[in-house]
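Report on the structure given below.
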Amino acid sequence: MTVKLDFEECLKDSPRFRASVELVEAEVSELETRLEKLLKLGNGLLESGRHYVAAGRAFVVGICDLARLGPPEPMMAECLEKFTESLNHKLDSHAELLDATQHTLQQQIQALVKEGLRGFREARRDFWRGAESLETALTHNAEVPRRRAQEAEEAGAALKTARAGYRGRALDYALQINVIEDKRKFDIMEFALRLVEAQATHFQQGHEELSRLAQYRKELGAQLHQLVLNSARQKRDMEQRHVLLKQKELGGEEPEPSLKEGPGGLVMEGHLFKRASNAFKTWSRRWFTIQSNQLVYQKKYKDPVTVVVDDLRLCTVKLCPDSERRFCFEVVSPSKSCFLQADSERLLQLWVSAVQSSIATAFNQSRLDDSPRGSGQGSGHLVMGSAATLGPGGTTRGREPGGVGHVAAQVQSVDGNAQCCDCREPAPEWASINLGVTLCIQCSGIHRSLGVHFSKVRSLTLDSWEPELVKLMCELGNVVINQIYEARVEAMAVKKPGPSCSRQEKEAWIHAKYVEKKFLTKLPEIRGRRGGRGPPRGQPPVPPKPSLKPQPGSCRSKSEPPPDNLGSLHPGALLFRAAGHPPSLPTMADALAHGADVNWVNTGQENATPLIQATAANSLLACEFLLQNGANVNQADSRGRGPLHHATILGHTGLACLFLKRGADLGAQDSEGRDPLTIAMETANADIVTLLRLAKMREAEAAQGQAGDETYLDIFRDFSLMASDDPEKLSRRAQDLHTL
């Protein structure tokens, strides 16, 4: 028997735990059969041994009678006396051997059968009774109609009691199994060792043979001693853990679903009720798992999995408030739909959020698999994909060592981020990366339902985080964004929902806040404001055209209006101005909230976009913020130069790396026929030349179906980290470098 049960696994009551229990029970049954057989053989040995001793003593008496026959002969008398004395000593020794054998059998083997296995059988009986009671309570609780509130409450209380009883019995049973696993080892070994020592004492004539076992006996004795000590420590630790878990986990609450990182991404697993698709519409409890872009279930651990959804990208998930049963949701795909039921409202929200997150992850992975070319990008387009492709050096993953503590703690340390931005629930573990706010799990699910054009949701503990994205989150935060999106809440006397409010209340609030934008401060009506592209009145004059020599401010105006005129700008112009030097992320967020086009074109400055303006300011965070809010990384100005061209001209290596990661077109040419690599070589910027050459090599390898080596990713990872942590090291201009 080699199975050891984990206490946390038995609390989840997973199919793995049930399969392990069944394996243990089969092995214990076989162990009991063999121990009983050994006891029977031992009793036969003892009975035969006592017959032998009795016959030996009768034989000694016969010898003594023989010695007394006739006149005594001193030689024979002395010989027979010594022989009979020696034989008596040997018989006495043999009797002691039999007594020692009987004592060892009783103390080790019989005690193991009567005490150890009896406790195991009792714990097994209690466990299966508790399991049956829990199954009955779960089924009854699930079958209670929504309209019978009193019956539902009684069923819930009964389920809580049954779950507490089952958990206690399961913990006791797991403890019995783990203890007997260790106990049977040293009991059997100690029995064998004591039996050998008794025989060594008896069989003095076999000293030479036994001496060859002396070293083994000594070593075995030392090992047995150490095993007993280790087993005692493990038993003490298990008993302490058993007591703590009993005190902590026997409240009757529903078990937490399992979350872990698997080969195909995030894996969630747990029990759900599933409605059959037949005419009877029966409900069955199954173990569901989200893994490898699929939703699957199984009844028992060794059963083959049944696939509910082949591809999560082709499905959606929605609640079923009109269902007769409580806590129901539906997973809908083009071919079929599947009705599922959780055990509680909390587990319902967790499952819905997990399915939604898996759908988003599947889409992200699909975009990575489509690299290196995206639609409409031209033959020279390189798609870097998400930060997850850069490996652990360029991103921070929540479940890697230090990741969850680093990212979550850093983002939550920003003023106001320790509570959910929308309902103020403490310790939020989700975030909207384009808004720059932290969210609780329920609000994150509502944000995700709005669509990525409103909010891009990411987990602080489960997803990958690039360093520039972490800094962007820290630059904005709940206080800054709420000053924009909740500016008129107090004036309108609107009550903000709290953590205990219903999902419907939170959903209405979030929709009014981000979609309808009811609480924004109204911008003043400006004479001559335009709805189309182009600068409004009062825009600065056109700056001189940038040459191939980098000039600070090549995309900015030389004469900027004073700050007090910002309120009179068109939202697009305000976004453009806020992206300039020095950029203001709160002002940019305010402009976007008031409807600014993230790709607004300033016709007065060579059709420059806010992203080109932020590039001129060498602001990694402003560029990242615009890209997260949908800025086109390949939109060019009137001279045909996109953000990558300008980053190359100005020598902004970190921004060039960012644009390449976000899918900048390597083959795009400006009005003078120069692509970014040609410009980088003319400006003698060795760093950018290296990046662009590697990107072109990577693009060529990908076009041929080759994976390429890791050098490319390592260099991009280093540039990304340096651009985020030490931007001054990447601020070199062409004149600082030697010509290649």
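By convention here, the chains of the structure tokens are called A, B, ... in the order presented, each chain's residues are numbered starting at 1, and ligands are numbered starting at 1 in the order presented.
The environment of region 271-287 of chain A within 9 Å, counting only C-alpha atoms and disregarding residues fewer than 2 places along the same chain, consists of Ser14, Pro15, Thr139, Ala142, Glu143, Pro257, Glu269, Thr289, Val296, Tyr297, Gln298, Lys299, Lys300, Tyr301, Cys328, Ser337, Cys338, Phe339, Leu340, Gln341, Ala342 and Asp343 of chain A.
If you count only C-alpha atoms and ignore residues fewer than 2 places along the chain from region 310-326 of chain A, what sits within 8 Å of it is Ala142, Glu143, Val144, Pro145, Arg146, Asn293, Gln294, Leu295, Val307, Val308, Cys328, Phe329, Glu330, Val331, Val332, Ser333, Pro334, Gln341, Val352, Val355, Gln356, Ser358, Ile359, Ala360, Ala362 and Phe363 of chain A.
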Please produce a file of the residues just selected, as a PDB file, in the first residue's frame, where the atoms kept are C-alpha atoms.
ATOM      1  CA  ALA A 142     -30.451  21.187  -5.726  1.00  0.00           C
ATOM      2  CA  GLU A 143     -33.998  19.943  -6.356  1.00  0.00           C
ATOM      3  CA  VAL A 144     -35.722  22.527  -4.150  1.00  0.00           C
ATOM      4  CA  PRO A 145     -37.652  24.913  -6.449  1.00  0.00           C
ATOM      5  CA  ARG A 146     -36.881  28.601  -6.344  1.00  0.00           C
ATOM      6  CA  ASN A 293      -9.583  25.783 -24.508  1.00  0.00           C
ATOM      7  CA  GLN A 294     -12.333  23.267 -23.673  1.00  0.00           C
ATOM      8  CA  LEU A 295     -15.053  22.649 -21.082  1.00  0.00           C
ATOM      9  CA  VAL A 307     -16.261  17.386 -23.989  1.00  0.00           C
ATOM     10  CA  VAL A 308     -19.059  19.940 -23.576  1.00  0.00           C
ATOM     11  CA  CYS A 328     -28.060  28.190 -13.051  1.00  0.00           C
ATOM     12  CA  PHE A 329     -26.094  29.411 -16.053  1.00  0.00           C
ATOM     13  CA  GLU A 330     -25.868  28.383 -19.696  1.00  0.00           C
ATOM     14  CA  VAL A 331     -22.879  27.814 -21.950  1.00  0.00           C
ATOM     15  CA  VAL A 332     -24.012  28.406 -25.525  1.00  0.00           C
ATOM     16  CA  SER A 333     -22.131  27.310 -28.646  1.00  0.00           C
ATOM     17  CA  PRO A 334     -23.236  27.300 -32.310  1.00  0.00           C
ATOM     18  CA  GLN A 341     -26.057  24.620 -11.896  1.00  0.00           C
ATOM     19  CA  VAL A 352     -19.252  32.403 -14.975  1.00  0.00           C
ATOM     20  CA  VAL A 355     -15.632  30.650 -18.370  1.00  0.00           C
ATOM     21  CA  GLN A 356     -15.560  34.266 -19.560  1.00  0.00           C
ATOM     22  CA  SER A 358     -11.147  31.296 -20.530  1.00  0.00           C
ATOM     23  CA  ILE A 359     -12.980  32.590 -23.607  1.00  0.00           C
ATOM     24  CA  ALA A 360     -10.854  35.738 -23.547  1.00  0.00           C
ATOM     25  CA  ALA A 362      -8.636  31.460 -25.969  1.00  0.00           C
ATOM     26  CA  PHE A 363      -9.021  34.507 -28.210  1.00  0.00           C
TER      27      PHE A 363
END
What does the distance from CA of Ala222 (chain A) to CA of Leu195 (chain A) come to in Å, to one decimal? 16.4 Å
